[in-house]
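Structure data (compact mmCIF, C-alpha atoms) from model-v3.txt:
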```
# COMPACT_ATOMS: atom_id res chain seq x y z
CA MET O 1 50.45 -90.53 -20.84
CA ALA O 2 49.01 -92.82 -23.50
CA LYS O 3 48.53 -91.24 -26.90
CA PHE O 4 45.11 -91.14 -28.49
CA ASN O 5 44.60 -91.12 -32.25
CA LEU O 6 42.09 -88.57 -33.42
CA ARG O 7 39.49 -90.00 -35.76
CA LYS O 8 40.78 -89.99 -39.32
CA GLY O 9 39.20 -89.74 -42.70
CA ALA O 10 37.44 -86.38 -42.77
CA LEU O 11 35.58 -85.92 -46.05
CA ALA O 12 35.72 -82.67 -47.98
CA LEU O 13 32.41 -80.78 -47.90
CA ALA O 14 31.34 -77.34 -49.02
CA PHE O 15 31.71 -74.56 -46.46
CA VAL O 16 28.93 -74.44 -43.90
CA PRO O 17 28.55 -70.99 -42.29
CA LEU O 18 28.23 -70.95 -38.51
CA LEU O 19 25.29 -69.87 -36.39
CA ALA O 20 26.04 -66.96 -34.09
CA LEU O 21 25.54 -66.98 -30.37
CA GLY O 22 25.43 -63.21 -30.67
CA ALA O 23 29.02 -62.57 -29.65
CA CYS O 24 32.27 -61.46 -31.24
CA SER O 25 34.31 -63.98 -33.15
CA ALA O 26 38.08 -64.33 -33.05
CA ASN O 27 38.22 -61.78 -35.86
CA GLY O 28 36.25 -59.24 -33.89
CA GLY O 29 33.00 -59.47 -35.88
CA LYS O 30 29.74 -61.36 -35.53
CA THR O 31 29.89 -65.09 -36.07
CA GLU O 32 28.14 -66.29 -39.20
CA ALA O 33 24.79 -68.03 -39.36
CA ALA O 34 24.73 -71.76 -39.97
CA GLY O 35 22.76 -73.12 -42.86
CA ALA O 36 22.19 -76.32 -44.76
CA ASP O 37 25.02 -77.75 -46.79
CA GLY O 38 24.82 -76.43 -50.32
CA GLY O 39 26.19 -79.49 -52.05
CA SER O 40 29.51 -81.23 -51.55
CA ALA O 41 31.98 -83.71 -52.91
CA GLY O 42 31.43 -86.09 -49.99
CA GLN O 43 28.89 -86.79 -47.30
CA ALA O 44 28.63 -86.33 -43.57
CA ALA O 45 28.15 -89.10 -41.04
CA ASP O 46 24.75 -90.75 -41.27
CA THR O 47 24.12 -90.22 -37.56
CA ALA O 48 21.42 -87.83 -36.35
CA ARG O 49 22.36 -84.16 -36.65
CA ILE O 50 23.44 -82.65 -33.34
CA LYS O 51 24.23 -79.13 -32.19
CA VAL O 52 27.56 -78.35 -30.52
CA ALA O 53 28.58 -74.97 -29.09
CA MET O 54 32.24 -73.96 -28.96
CA ILE O 55 32.92 -70.98 -26.72
CA THR O 56 36.51 -69.71 -26.55
CA HIS O 57 38.33 -66.83 -24.90
CA ALA O 58 39.40 -65.57 -28.33
CA ALA O 59 40.59 -61.99 -28.47
CA ALA O 60 40.00 -59.93 -31.60
CA GLY O 61 42.83 -60.22 -34.11
CA ASP O 62 44.48 -63.33 -32.64
CA THR O 63 44.86 -65.59 -35.67
CA PHE O 64 45.43 -68.62 -33.43
CA TRP O 65 41.67 -68.97 -33.06
CA ASP O 66 41.10 -69.02 -36.81
CA ILE O 67 43.05 -72.28 -36.86
CA VAL O 68 41.14 -73.74 -33.89
CA ARG O 69 37.90 -72.86 -35.63
CA LYS O 70 39.01 -74.39 -38.92
CA GLY O 71 39.68 -77.70 -37.18
CA ALA O 72 36.29 -77.54 -35.44
CA GLU O 73 34.55 -76.85 -38.75
CA SER O 74 36.23 -79.86 -40.38
CA ALA O 75 35.07 -82.20 -37.64
CA ALA O 76 31.58 -80.68 -37.70
CA LYS O 77 31.23 -81.30 -41.43
CA LYS O 78 32.38 -84.89 -41.09
CA ASP O 79 30.18 -85.63 -38.08
CA ASN O 80 26.94 -83.99 -39.25
CA VAL O 81 27.22 -81.39 -36.49
CA GLU O 82 25.74 -77.90 -36.44
CA LEU O 83 28.59 -75.89 -34.93
CA LEU O 84 27.85 -72.74 -32.94
CA TYR O 85 31.09 -70.80 -32.52
CA SER O 86 31.60 -67.72 -30.37
CA GLY O 87 34.32 -66.19 -28.25
CA ASP O 88 35.07 -63.42 -25.79
CA ALA O 89 38.31 -62.68 -23.98
CA GLU O 90 36.51 -61.42 -20.87
CA GLY O 91 35.69 -64.27 -18.49
CA GLY O 92 32.28 -63.00 -17.41
CA ARG O 93 31.09 -62.53 -20.99
CA GLN O 94 32.44 -65.94 -21.95
CA ALA O 95 30.37 -67.42 -19.11
CA GLN O 96 27.28 -65.66 -20.50
CA LEU O 97 27.91 -67.31 -23.88
CA VAL O 98 28.06 -70.72 -22.20
CA GLN O 99 24.74 -69.96 -20.49
CA GLN O 100 23.24 -69.03 -23.86
CA ALA O 101 24.34 -72.42 -25.20
CA ILE O 102 22.69 -74.16 -22.25
CA ASP O 103 19.49 -72.20 -22.87
CA GLN O 104 19.56 -73.30 -26.51
CA LYS O 105 19.67 -76.92 -25.30
CA VAL O 106 22.73 -77.82 -27.33
CA ASP O 107 23.90 -81.42 -27.45
CA GLY O 108 27.41 -80.62 -26.29
CA ILE O 109 29.69 -77.77 -25.26
CA VAL O 110 33.37 -77.18 -25.94
CA VAL O 111 34.84 -74.43 -23.77
CA THR O 112 38.25 -72.94 -23.03
CA LEU O 113 39.10 -72.38 -19.37
CA ALA O 114 41.58 -69.52 -19.41
CA LYS O 115 39.57 -67.91 -16.57
CA PRO O 116 38.31 -70.99 -14.71
CA ASP O 117 36.93 -69.08 -11.71
CA ALA O 118 34.63 -67.13 -14.01
CA LEU O 119 33.37 -70.29 -15.70
CA LYS O 120 33.13 -72.91 -12.97
CA ASP O 121 29.51 -72.22 -12.03
CA VAL O 122 28.16 -72.14 -15.57
CA VAL O 123 30.08 -75.26 -16.58
CA LYS O 124 28.53 -77.05 -13.59
CA ARG O 125 25.10 -75.91 -14.77
CA ALA O 126 25.80 -77.42 -18.18
CA VAL O 127 26.87 -80.75 -16.69
CA ASP O 128 23.88 -80.75 -14.32
CA ALA O 129 21.65 -80.20 -17.36
CA GLY O 130 23.03 -83.38 -18.91
CA ILE O 131 25.12 -81.60 -21.55
CA PRO O 132 28.53 -83.24 -22.11
CA VAL O 133 31.38 -80.75 -21.79
CA VAL O 134 34.88 -80.91 -23.29
CA SER O 135 37.45 -78.30 -22.35
CA MET O 136 40.12 -77.18 -24.77
CA ASN O 137 43.32 -75.16 -24.97
CA ALA O 138 43.44 -73.65 -21.48
CA GLY O 139 42.65 -74.80 -17.96
CA GLU O 140 43.82 -78.39 -18.19
CA ASP O 141 44.54 -78.45 -14.44
CA GLN O 142 40.98 -77.36 -13.62
CA SER O 143 39.14 -79.24 -16.37
CA LYS O 144 38.21 -82.46 -14.58
CA ALA O 145 37.17 -80.73 -11.36
CA LEU O 146 34.84 -78.45 -13.30
CA GLY O 147 33.10 -81.42 -14.92
CA ALA O 148 34.60 -81.73 -18.40
CA PHE O 149 35.04 -85.38 -19.40
CA THR O 150 38.26 -84.66 -21.27
CA HIS O 151 40.55 -81.81 -22.31
CA PHE O 152 42.31 -81.24 -25.64
CA GLY O 153 45.49 -79.17 -25.58
CA GLN O 154 49.05 -79.07 -24.48
CA SER O 155 50.18 -78.86 -20.89
CA ASP O 156 51.14 -75.19 -20.70
CA LYS O 157 53.50 -75.94 -17.83
CA LEU O 158 55.21 -78.68 -19.84
CA ALA O 159 55.41 -76.35 -22.85
CA GLY O 160 57.06 -73.73 -20.66
CA VAL O 161 59.51 -76.29 -19.31
CA THR O 162 60.34 -77.27 -22.90
CA VAL O 163 61.16 -73.66 -23.76
CA GLY O 164 63.08 -73.18 -20.52
CA LYS O 165 65.27 -76.22 -21.16
CA ARG O 166 66.01 -75.05 -24.69
CA LEU O 167 66.96 -71.55 -23.47
CA ALA O 168 69.12 -73.00 -20.68
CA GLU O 169 70.95 -75.20 -23.20
CA GLU O 170 71.68 -72.06 -25.22
CA GLY O 171 73.17 -70.37 -22.15
CA VAL O 172 70.34 -67.90 -21.57
CA LYS O 173 70.33 -66.43 -18.03
CA HIS O 174 67.85 -63.54 -18.08
CA PRO O 175 64.89 -64.09 -20.40
CA ILE O 176 61.82 -61.85 -20.48
CA CYS O 177 58.52 -63.72 -20.71
CA VAL O 178 55.82 -61.49 -22.21
CA ILE O 179 52.26 -62.17 -20.99
CA GLN O 180 49.61 -60.56 -23.19
CA GLU O 181 46.61 -61.31 -20.98
CA GLN O 182 46.89 -60.97 -17.21
CA GLY O 183 45.02 -63.61 -15.23
CA HIS O 184 45.22 -66.22 -18.01
CA VAL O 185 46.27 -69.37 -16.15
CA GLY O 186 47.78 -71.01 -19.23
CA LEU O 187 50.06 -68.08 -20.03
CA GLU O 188 51.16 -67.85 -16.41
CA ASN O 189 51.98 -71.58 -16.46
CA ARG O 190 54.13 -71.13 -19.56
CA CYS O 191 56.25 -68.49 -17.90
CA ALA O 192 56.42 -70.56 -14.71
CA GLY O 193 57.73 -73.50 -16.72
CA ILE O 194 60.44 -71.33 -18.25
CA LYS O 195 61.41 -70.02 -14.82
CA GLU O 196 61.82 -73.58 -13.47
CA ASN O 197 64.80 -74.02 -15.80
CA VAL O 198 65.99 -70.41 -15.98
CA PRO O 199 65.49 -68.84 -12.53
CA GLY O 200 66.40 -65.38 -13.83
CA THR O 201 63.21 -65.26 -15.93
CA GLU O 202 61.38 -61.92 -15.68
CA ILE O 203 57.69 -61.40 -16.43
CA LEU O 204 56.52 -58.49 -18.58
CA ASN O 205 52.76 -57.88 -18.75
CA VAL O 206 51.45 -56.14 -21.87
CA ASN O 207 48.03 -55.22 -23.20
CA GLY O 208 47.52 -57.84 -25.90
CA ALA O 209 44.37 -56.11 -27.16
CA ASP O 210 46.52 -53.19 -28.42
CA MET O 211 49.54 -54.12 -30.54
CA THR O 212 50.81 -50.55 -30.54
CA SER O 213 50.91 -50.73 -26.76
CA VAL O 214 52.63 -54.13 -26.91
CA SER O 215 55.31 -52.67 -29.18
CA SER O 216 55.96 -49.60 -27.04
CA THR O 217 56.02 -51.59 -23.79
CA VAL O 218 58.46 -54.14 -25.19
CA SER O 219 60.69 -51.45 -26.70
CA ALA O 220 60.85 -49.61 -23.37
CA LYS O 221 61.70 -52.84 -21.56
CA LEU O 222 64.47 -53.74 -23.99
CA GLN O 223 66.02 -50.29 -23.59
CA SER O 224 65.84 -50.42 -19.79
CA THR O 225 67.07 -54.01 -19.43
CA PRO O 226 70.32 -54.33 -21.40
CA ASP O 227 71.34 -57.53 -19.58
CA ALA O 228 68.29 -59.48 -20.82
CA ASP O 229 69.47 -62.14 -23.26
CA ALA O 230 66.18 -63.59 -24.58
CA ILE O 231 62.58 -62.50 -24.93
CA VAL O 232 59.69 -64.93 -25.32
CA GLY O 233 56.31 -64.17 -26.85
CA LEU O 234 53.41 -66.40 -25.85
CA GLY O 235 51.54 -66.25 -29.16
CA ALA O 236 52.55 -65.82 -32.80
CA PRO O 237 51.09 -62.31 -33.42
CA PHE O 238 52.68 -61.01 -30.21
CA THR O 239 56.06 -62.55 -31.00
CA LEU O 240 56.02 -60.97 -34.45
CA THR O 241 55.37 -57.59 -32.83
CA ILE O 242 58.25 -58.28 -30.45
CA VAL O 243 60.52 -59.01 -33.44
CA LYS O 244 59.70 -55.58 -34.86
CA SER O 245 60.53 -53.93 -31.53
CA VAL O 246 63.83 -55.82 -31.34
CA LYS O 247 64.79 -54.60 -34.82
CA GLU O 248 63.68 -51.02 -34.16
CA THR O 249 65.67 -50.77 -30.93
CA GLY O 250 68.76 -52.40 -32.44
CA SER O 251 68.75 -55.07 -29.75
CA LYS O 252 70.67 -58.31 -30.29
CA ILE O 253 68.44 -60.25 -27.90
CA LYS O 254 67.28 -63.76 -28.87
CA VAL O 255 63.57 -64.17 -29.62
CA ALA O 256 61.59 -67.35 -28.94
CA SER O 257 57.89 -68.05 -29.08
CA PHE O 258 54.88 -70.22 -28.40
CA ASP O 259 52.35 -71.13 -31.10
CA LEU O 260 52.68 -70.79 -34.85
CA ASN O 261 51.34 -69.15 -38.00
CA ALA O 262 52.69 -68.75 -41.53
CA GLU O 263 54.49 -65.48 -40.81
CA LEU O 264 56.14 -66.88 -37.69
CA ALA O 265 57.26 -69.99 -39.59
CA LYS O 266 58.95 -67.68 -42.09
CA ALA O 267 60.56 -65.69 -39.24
CA ILE O 268 62.03 -68.94 -37.91
CA GLU O 269 63.36 -69.81 -41.35
CA ASP O 270 65.06 -66.41 -41.68
CA GLU O 271 66.32 -66.71 -38.06
CA SER O 272 64.49 -63.64 -36.70
CA VAL O 273 63.01 -66.12 -34.20
CA GLU O 274 65.01 -68.98 -32.72
CA PHE O 275 62.18 -71.47 -32.25
CA THR O 276 58.57 -71.87 -31.17
CA VAL O 277 56.50 -74.47 -29.34
CA ASP O 278 53.43 -75.35 -31.39
CA GLN O 279 50.37 -76.72 -29.57
CA GLN O 280 48.65 -77.64 -32.87
CA PRO O 281 45.39 -75.70 -32.48
CA TYR O 282 43.74 -77.37 -35.48
CA LEU O 283 43.86 -80.64 -33.55
CA GLN O 284 42.33 -78.94 -30.52
CA GLY O 285 39.31 -77.73 -32.47
CA TYR O 286 38.92 -80.94 -34.47
CA GLY O 287 39.40 -83.33 -31.56
CA SER O 288 37.07 -81.48 -29.21
CA VAL O 289 34.11 -81.49 -31.60
CA ASP O 290 34.78 -85.09 -32.60
CA ALA O 291 34.88 -86.11 -28.92
CA ILE O 292 31.43 -84.61 -28.32
CA TRP O 293 30.08 -86.46 -31.37
CA LEU O 294 31.61 -89.75 -30.22
CA SER O 295 30.09 -89.22 -26.78
CA LYS O 296 26.64 -88.66 -28.27
CA VAL O 297 26.64 -91.52 -30.80
CA GLY O 298 28.23 -94.21 -28.65
CA GLY O 299 28.83 -92.96 -25.14
CA PHE O 300 32.55 -92.99 -25.88
CA LYS O 301 34.79 -90.93 -23.61
CA VAL O 302 37.97 -90.03 -25.47
CA GLY O 303 40.91 -89.67 -23.12
CA GLY O 304 39.71 -91.96 -20.37
CA GLY O 305 39.22 -89.01 -18.05
CA GLN O 306 42.67 -87.64 -18.83
CA GLN O 307 43.96 -84.83 -21.00
CA VAL O 308 44.59 -85.54 -24.69
CA TYR O 309 47.86 -83.79 -25.54
CA THR O 310 48.18 -81.88 -28.81
CA GLY O 311 51.66 -80.54 -27.99
CA PRO O 312 54.22 -79.29 -27.27
CA ALA O 313 55.87 -79.65 -30.68
CA VAL O 314 59.10 -77.71 -31.18
CA VAL O 315 59.51 -75.92 -34.52
CA ASP O 316 62.95 -74.47 -35.28
CA LYS O 317 65.25 -73.85 -38.24
CA SER O 318 65.62 -77.60 -38.79
CA ASN O 319 61.95 -78.27 -39.47
CA ALA O 320 60.23 -74.92 -40.08
CA GLY O 321 60.23 -75.57 -43.81
CA ASP O 322 58.29 -78.80 -43.27
CA VAL O 323 55.36 -77.01 -41.65
CA THR O 324 55.35 -73.81 -43.73
CA ALA O 325 52.95 -75.19 -46.35
CA PHE O 326 50.52 -76.26 -43.64
CA ALA O 327 50.84 -72.89 -41.93
CA GLN O 328 50.12 -71.07 -45.20
CA ALA O 329 46.99 -73.21 -45.57
CA GLY O 330 45.90 -72.04 -42.13
CA ILE O 331 45.99 -75.40 -40.38
CA ARG O 332 49.27 -74.95 -38.45
```
In structure tokens, what does this structure look like?
Amino acid sequence: MAKFNLRKGALALAFVPLLALGACSANGGKTEAAGADGGSAGQAADTARIKVAMITHAAAGDTFWDIVRKGAESAAKKDNVELLYSGDAEGGRQAQLVQQAIDQKVDGIVVTLAKPDALKDVVKRAVDAGIPVVSMNAGEDQSKALGAFTHFGQSDKLAGVTVGKRLAEEGVKHPICVIQEQGHVGLENRCAGIKENVPGTEILNVNGADMTSVSSTVSAKLQSTPDADAIVGLGAPFTLTIVKSVKETGSKIKVASFDLNAELAKAIEDESVEFTVDQQPYLQGYGSVDAIWLSKVGGFKVGGGQQVYTGPAVVDKSNAGDVTAFAQAGIR
């Protein structure tokens, strides 16, 4: 696939709080209200101000979405966009948030499609209402059919294949792939990609909304499956919980991951985790908002109807130090 360069040159502006759609944010609280810029060191685009809604399937406590949101905020400041951010892990409630955005007559919608069946009707209503839609992060296989003009994210299947090849090269025969949200098509594709290269891959479903439950479920599995030789977390907070379970049970199993945050980068440096596949969520948030703006100001369609890849990018002992500073700043 051809590579697309995201628009460069974002100017630094003062923080602009976000207007709530009345739902929980990725941190589990209400989203903030948007207001006028209170003075800045630069200036936004001189195009007319537009309103863009970003509705994700963010679960409370998952720091991944803080990074997505930070990228979206940066693009919004640069592009003179009023950003309305909200998220809900439950597909039906996420669909309700999309409908609220339609009712508010926003100029564009960015939506994640982790539960595409729950969102297909409301996304069609948005498109039928003349609102451009960009999908992001999850549901790349369903994006075009549902009406989004492009999708920003990694191919979860390709990311899984990347992990599977790496594990196979290391001689792994029986990895455990830990899914923290049942029914999430992207997570299922990651495990499927691993299994393509390591047929002995076993799926372990956990309740990602309860880290205590994740820990106890993983610990029980490690104790009952002594022949497992690797365990893979599908998100940084979950992998870090898995690392604690591995240490507490005295297991010598290898740990690998998807996604990245500062603590996981450190765990890779100290070799508690072998490697991770980073999908660069900052780019997903930034590129999606910027694509809506470009569509509105010039009719541009970034991606040419195809997905714009933001990953997979492998981070291991050899390069973890290079990304640590960015991770500590909350943009990796």
Check: When distances are computed from all atoms listed in the file, which of O:Thr310, O:Ile231, O:Asp66, O:Gln280 shows the smallest separation from Ser245 of chain O?
Finding: O:Ile231
Next item on the list: Please tell me which residues are no farther than 12 Å from (29.2, -69.8, -26.7) in the file, counting all atoms listed in the file, and write them as number ranges by chain.
Entry: O: 18-25, 31, 51-58, 83-89, 91-106, 108-112, 119, 122-123, 126
Next item on the list: Go through O:Val323, O:Ala262, O:Ile242, O:Leu113 and flag the residue nearest Phe64 of chain O, using all atoms listed in the file for the distances.
Entry: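 Selected residue with least distance to Phe64 of chain O: O:Ala262.
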Exercise: Ser216 of chain O partners within 12 Å, all atoms listed in the file, chain neighbours under 6 positions left out, as a short mmCIF file (atom, residue, chain, number, x, y, z; two decimals) with C-alpha atoms, keeping the file's coordinate frame:
```cif
data_model
loop_
_atom_site.label_atom_id
_atom_site.label_comp_id
_atom_site.auth_asym_id
_atom_site.auth_seq_id
_atom_site.Cartn_x
_atom_site.Cartn_y
_atom_site.Cartn_z
CA VAL O 206 51.45 -56.14 -21.87
CA ASN O 207 48.03 -55.22 -23.20
CA GLY O 208 47.52 -57.84 -25.90
CA ASP O 210 46.52 -53.19 -28.42
CA LEU O 222 64.47 -53.74 -23.99
CA GLN O 223 66.02 -50.29 -23.59
CA THR O 241 55.37 -57.59 -32.83
CA ILE O 242 58.25 -58.28 -30.45
CA LYS O 244 59.70 -55.58 -34.86
CA SER O 245 60.53 -53.93 -31.53
CA VAL O 246 63.83 -55.82 -31.34
CA GLU O 248 63.68 -51.02 -34.16
CA THR O 249 65.67 -50.77 -30.93
#
```
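For the set O:Gly299, O:Gly321, O:Gly183, O:Gly304, the residue with the smallest atom-to-atom gap to Pro132 of chain O is O:Gly299, counting all atoms listed in the file.
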Margin query: From the options O:Ala44, O:Gln279, O:Ile268, O:Val232, which residue's atoms come nearest to Ser74 of chain O, counting all atoms listed in the file?
Written below: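 Of the candidates, the smallest distance to Ser74 of chain O is held by O:Ala44.
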Checklist line | For atom CA of Pro281 of chain O and atom CA of Leu187 of chain O, the interatomic separation in Å (one decimal) | finding: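 Straight-line distance from atom CA of Pro281 of chain O to atom CA of Leu187 of chain O works out to 15.3 Å.
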Notebook entry, point to check: Using all atoms listed in the file, which residue out of O:Asp270, O:Ile292, O:Glu170, O:Ile67 lies closest to Gln328 of chain O?
Noted result: O:Ile67
Find the residues near Val314 of chain O: any atom within 8 Å, counting only C-alpha atoms, skip ones fewer than 5 places away on the same chain, and give them as a PDB file with C-alpha atoms, keeping the file's coordinate frame.
```pdb
ATOM      1  CA  PHE O 275      62.180 -71.470 -32.250  1.00  0.00           C
ATOM      2  CA  THR O 276      58.570 -71.870 -31.170  1.00  0.00           C
ATOM      3  CA  VAL O 277      56.500 -74.470 -29.340  1.00  0.00           C
ATOM      4  CA  ASP O 278      53.430 -75.350 -31.390  1.00  0.00           C
TER       5      ASP O 278
END
```
Item checked: Distance of atom CA of Tyr286 of chain O from atom CA of Arg69 of chain O, expressed in Å to one decimal place ->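 Result for atom CA of Arg69 of chain O versus atom CA of Tyr286 of chain O: 8.2 Å, one decimal.
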Would you mind writing segment 125-144 of chain O with N, CA, C and O atoms, as a compact mmCIF listing (two decimals), keeping the file's coordinate frame?
```
# COMPACT_ATOMS: atom_id res chain seq x y z
N ARG O 125 26.50 -75.93 -14.35
CA ARG O 125 25.10 -75.91 -14.77
C ARG O 125 24.91 -76.72 -16.05
O ARG O 125 23.89 -77.41 -16.22
N ALA O 126 25.88 -76.64 -16.95
CA ALA O 126 25.80 -77.42 -18.18
C ALA O 126 25.82 -78.91 -17.88
O ALA O 126 25.01 -79.69 -18.41
N VAL O 127 26.75 -79.33 -17.04
CA VAL O 127 26.87 -80.75 -16.69
C VAL O 127 25.61 -81.22 -15.97
O VAL O 127 25.08 -82.30 -16.25
N ASP O 128 25.11 -80.39 -15.05
CA ASP O 128 23.88 -80.75 -14.32
C ASP O 128 22.68 -80.86 -15.26
O ASP O 128 21.72 -81.60 -14.97
N ALA O 129 22.73 -80.14 -16.37
CA ALA O 129 21.65 -80.20 -17.36
C ALA O 129 21.80 -81.39 -18.30
O ALA O 129 20.99 -81.57 -19.21
N GLY O 130 22.83 -82.20 -18.08
CA GLY O 130 23.03 -83.38 -18.91
C GLY O 130 23.74 -83.11 -20.21
O GLY O 130 23.71 -83.94 -21.12
N ILE O 131 24.40 -81.96 -20.32
CA ILE O 131 25.12 -81.60 -21.55
C ILE O 131 26.59 -81.99 -21.39
O ILE O 131 27.26 -81.49 -20.48
N PRO O 132 27.11 -82.88 -22.23
CA PRO O 132 28.53 -83.24 -22.11
C PRO O 132 29.42 -82.04 -22.43
O PRO O 132 29.15 -81.29 -23.37
N VAL O 133 30.47 -81.89 -21.64
CA VAL O 133 31.38 -80.75 -21.79
C VAL O 133 32.80 -81.26 -22.03
O VAL O 133 33.28 -82.15 -21.32
N VAL O 134 33.45 -80.69 -23.03
CA VAL O 134 34.88 -80.91 -23.29
C VAL O 134 35.57 -79.56 -23.14
O VAL O 134 35.09 -78.55 -23.65
N SER O 135 36.67 -79.54 -22.41
CA SER O 135 37.45 -78.30 -22.35
C SER O 135 38.61 -78.40 -23.34
O SER O 135 39.01 -79.49 -23.75
N MET O 136 39.14 -77.25 -23.69
CA MET O 136 40.12 -77.18 -24.77
C MET O 136 41.07 -76.03 -24.53
O MET O 136 40.67 -74.99 -23.98
N ASN O 137 42.32 -76.23 -24.87
CA ASN O 137 43.32 -75.16 -24.97
C ASN O 137 43.85 -74.64 -23.65
O ASN O 137 45.05 -74.52 -23.46
N ALA O 138 42.98 -74.26 -22.73
CA ALA O 138 43.44 -73.65 -21.48
C ALA O 138 42.65 -74.23 -20.31
O ALA O 138 41.47 -74.55 -20.44
N GLY O 139 43.32 -74.33 -19.16
CA GLY O 139 42.65 -74.80 -17.96
C GLY O 139 42.70 -76.30 -17.77
O GLY O 139 41.84 -76.88 -17.11
N GLU O 140 43.74 -76.93 -18.31
CA GLU O 140 43.82 -78.39 -18.19
C GLU O 140 43.87 -78.86 -16.74
O GLU O 140 43.38 -79.94 -16.40
N ASP O 141 44.45 -78.06 -15.85
CA ASP O 141 44.54 -78.45 -14.44
C ASP O 141 43.19 -78.38 -13.74
O ASP O 141 42.97 -79.04 -12.73
N GLN O 142 42.29 -77.54 -14.25
CA GLN O 142 40.98 -77.36 -13.62
C GLN O 142 39.87 -78.13 -14.33
O GLN O 142 38.75 -78.25 -13.82
N SER O 143 40.15 -78.66 -15.50
CA SER O 143 39.14 -79.24 -16.37
C SER O 143 38.30 -80.32 -15.70
O SER O 143 37.06 -80.25 -15.68
N LYS O 144 38.94 -81.32 -15.15
CA LYS O 144 38.21 -82.46 -14.58
C LYS O 144 37.36 -82.03 -13.40
O LYS O 144 36.20 -82.46 -13.27
```
